[in-house]
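Okay, structure first, notes after.
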Amino acid sequence: MIEIVVGLLMYLNGDIVEHTYKEKMSECLKSKRIAEREVNPQSVRFSCKKIKAETEIYMGAKKIIKIVSMTK
């Protein structure tokens with residue numbers, strides 16, 4: 001299913017290397033703060049964005065399969 005969702009995006013050298021579905025923006029920002037403390041911030045960057053994505057429900061949890069486009 002294609003829908004607009006909140007995603008935690010991980011960038012490495014300017015390219016998106018990982019994306020995770022989050023139910024709300026506040027949940028995403030909390031996860032972002034935790035991730036930034038755990039990872040070397042000079043090589044990896046995290047951001048929370050609303051994205052248009054193809055999603056599926058796998059084992060009871062929603063997952064982002066593919067990012068279709070970034071929204072503003």
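Labeling convention for the structure tokens: chains A, B, ... as they appear, residues from 1 per chain, ligands from 1 in order of appearance.
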
Taking the DSSP secondary structure from the backbone, can you list the residues of chain A that are strand (DSSP E or B), as a compact mmCIF listing (two decimals) with N, CA and C atoms, in the first residue's frame?
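Result file out_8.txt:
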# COMPACT_ATOMS: atom_id res chain seq x y z
N ILE A 2 0.55 2.23 -0.80
CA ILE A 2 1.31 3.49 -0.84
C ILE A 2 0.57 4.52 0.00
N GLU A 3 1.29 5.13 0.94
CA GLU A 3 0.70 6.12 1.84
C GLU A 3 1.75 7.09 2.34
N ILE A 4 1.28 8.19 2.95
CA ILE A 4 2.18 9.18 3.56
C ILE A 4 2.41 8.75 5.00
N VAL A 5 3.67 8.56 5.36
CA VAL A 5 4.02 8.09 6.71
C VAL A 5 5.20 8.91 7.24
N VAL A 6 5.43 8.80 8.54
CA VAL A 6 6.60 9.41 9.16
C VAL A 6 7.70 8.36 9.17
N GLY A 7 8.88 8.76 8.72
CA GLY A 7 9.99 7.82 8.67
C GLY A 7 11.25 8.40 9.29
N LEU A 8 11.99 7.57 9.99
CA LEU A 8 13.31 7.92 10.49
C LEU A 8 14.29 7.48 9.42
N LEU A 9 15.00 8.44 8.83
CA LEU A 9 15.91 8.16 7.72
C LEU A 9 17.35 8.27 8.20
N MET A 10 18.18 7.34 7.78
CA MET A 10 19.60 7.38 8.10
C MET A 10 20.38 7.61 6.81
N TYR A 11 21.19 8.67 6.81
CA TYR A 11 22.00 9.03 5.65
C TYR A 11 23.46 8.72 5.93
N LEU A 12 24.14 8.16 4.94
CA LEU A 12 25.58 7.93 5.01
C LEU A 12 26.17 8.53 3.75
N ASP A 15 23.57 9.73 1.12
CA ASP A 15 22.62 8.77 0.54
C ASP A 15 21.82 8.10 1.66
N ILE A 16 20.53 7.87 1.41
CA ILE A 16 19.70 7.16 2.39
C ILE A 16 20.11 5.69 2.38
N VAL A 17 20.51 5.19 3.54
CA VAL A 17 20.91 3.79 3.63
C VAL A 17 19.93 2.96 4.44
N GLU A 18 19.08 3.62 5.23
CA GLU A 18 18.10 2.88 6.03
C GLU A 18 16.91 3.78 6.32
N HIS A 19 15.74 3.17 6.43
CA HIS A 19 14.53 3.91 6.78
C HIS A 19 13.66 3.04 7.66
N THR A 20 13.04 3.69 8.66
CA THR A 20 12.21 2.97 9.62
C THR A 20 10.89 3.70 9.80
N TYR A 21 9.79 2.97 9.78
CA TYR A 21 8.47 3.54 9.99
C TYR A 21 8.30 3.94 11.45
N LYS A 22 7.73 5.13 11.67
CA LYS A 22 7.35 5.57 13.01
C LYS A 22 5.91 6.05 12.96
N VAL A 44 27.43 9.73 9.85
CA VAL A 44 26.02 9.36 9.70
C VAL A 44 25.14 10.51 10.16
N ARG A 45 24.03 10.71 9.43
CA ARG A 45 23.06 11.75 9.79
C ARG A 45 21.67 11.13 9.82
N PHE A 46 20.86 11.55 10.78
CA PHE A 46 19.49 11.06 10.91
C PHE A 46 18.52 12.21 10.70
N SER A 47 17.35 11.91 10.13
CA SER A 47 16.30 12.92 10.03
C SER A 47 14.94 12.24 10.07
N CYS A 48 13.96 12.98 10.57
CA CYS A 48 12.57 12.52 10.60
C CYS A 48 11.82 13.31 9.54
N LYS A 49 11.13 12.61 8.65
CA LYS A 49 10.40 13.27 7.57
C LYS A 49 9.11 12.55 7.29
N LYS A 50 8.16 13.32 6.76
CA LYS A 50 6.96 12.70 6.20
C LYS A 50 7.32 12.31 4.78
N ILE A 51 7.10 11.05 4.46
CA ILE A 51 7.46 10.53 3.14
C ILE A 51 6.29 9.76 2.55
N LYS A 52 6.24 9.74 1.23
CA LYS A 52 5.28 8.89 0.53
C LYS A 52 6.01 7.59 0.28
N ALA A 53 5.47 6.51 0.85
CA ALA A 53 6.19 5.24 0.80
C ALA A 53 5.26 4.06 0.57
N GLU A 54 5.85 3.03 0.02
CA GLU A 54 5.15 1.75 -0.10
C GLU A 54 5.38 1.01 1.21
N THR A 55 4.29 0.60 1.86
CA THR A 55 4.39 -0.05 3.16
C THR A 55 3.73 -1.43 3.13
N GLU A 56 4.08 -2.23 4.12
CA GLU A 56 3.41 -3.51 4.32
C GLU A 56 3.39 -3.81 5.81
N ILE A 57 2.49 -4.66 6.21
CA ILE A 57 2.45 -5.11 7.60
C ILE A 57 3.06 -6.50 7.63
N TYR A 58 4.15 -6.62 8.39
CA TYR A 58 4.89 -7.88 8.49
C TYR A 58 4.96 -8.28 9.95
N ALA A 61 3.73 -5.63 12.45
CA ALA A 61 4.36 -4.30 12.49
C ALA A 61 4.43 -3.73 11.08
N LYS A 62 4.16 -2.43 10.96
CA LYS A 62 4.23 -1.77 9.66
C LYS A 62 5.68 -1.51 9.29
N LYS A 63 6.02 -1.77 8.04
CA LYS A 63 7.39 -1.56 7.55
C LYS A 63 7.35 -0.76 6.26
N ILE A 64 8.37 0.06 6.06
CA ILE A 64 8.54 0.78 4.80
C ILE A 64 9.30 -0.14 3.85
N ILE A 65 8.70 -0.40 2.70
CA ILE A 65 9.34 -1.24 1.69
C ILE A 65 10.20 -0.38 0.77
N LYS A 66 9.62 0.74 0.32
CA LYS A 66 10.31 1.58 -0.65
C LYS A 66 9.80 3.01 -0.51
N ILE A 67 10.71 3.98 -0.58
CA ILE A 67 10.31 5.39 -0.56
C ILE A 67 9.94 5.79 -1.97
N VAL A 68 8.71 6.31 -2.13
CA VAL A 68 8.24 6.75 -3.44
C VAL A 68 8.68 8.19 -3.68
N SER A 69 8.45 9.07 -2.69
CA SER A 69 8.89 10.46 -2.80
C SER A 69 8.93 11.11 -1.42
N MET A 70 9.70 12.17 -1.33
CA MET A 70 9.78 12.96 -0.10
C MET A 70 8.70 14.04 -0.17

*Give me every alpha helix (DSSP H) residue in chain A, going by DSSP on the backbone, as a PyMOL selection string.*
chain A and resi 25-38

*What is the CA of Asn13 (chain A) to CA of Pro41 (chain A) distance in Å?*
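Taking CA of Asn13 (chain A) as the start and CA of Pro41 (chain A) as the end point, the length is 11.3 Å.
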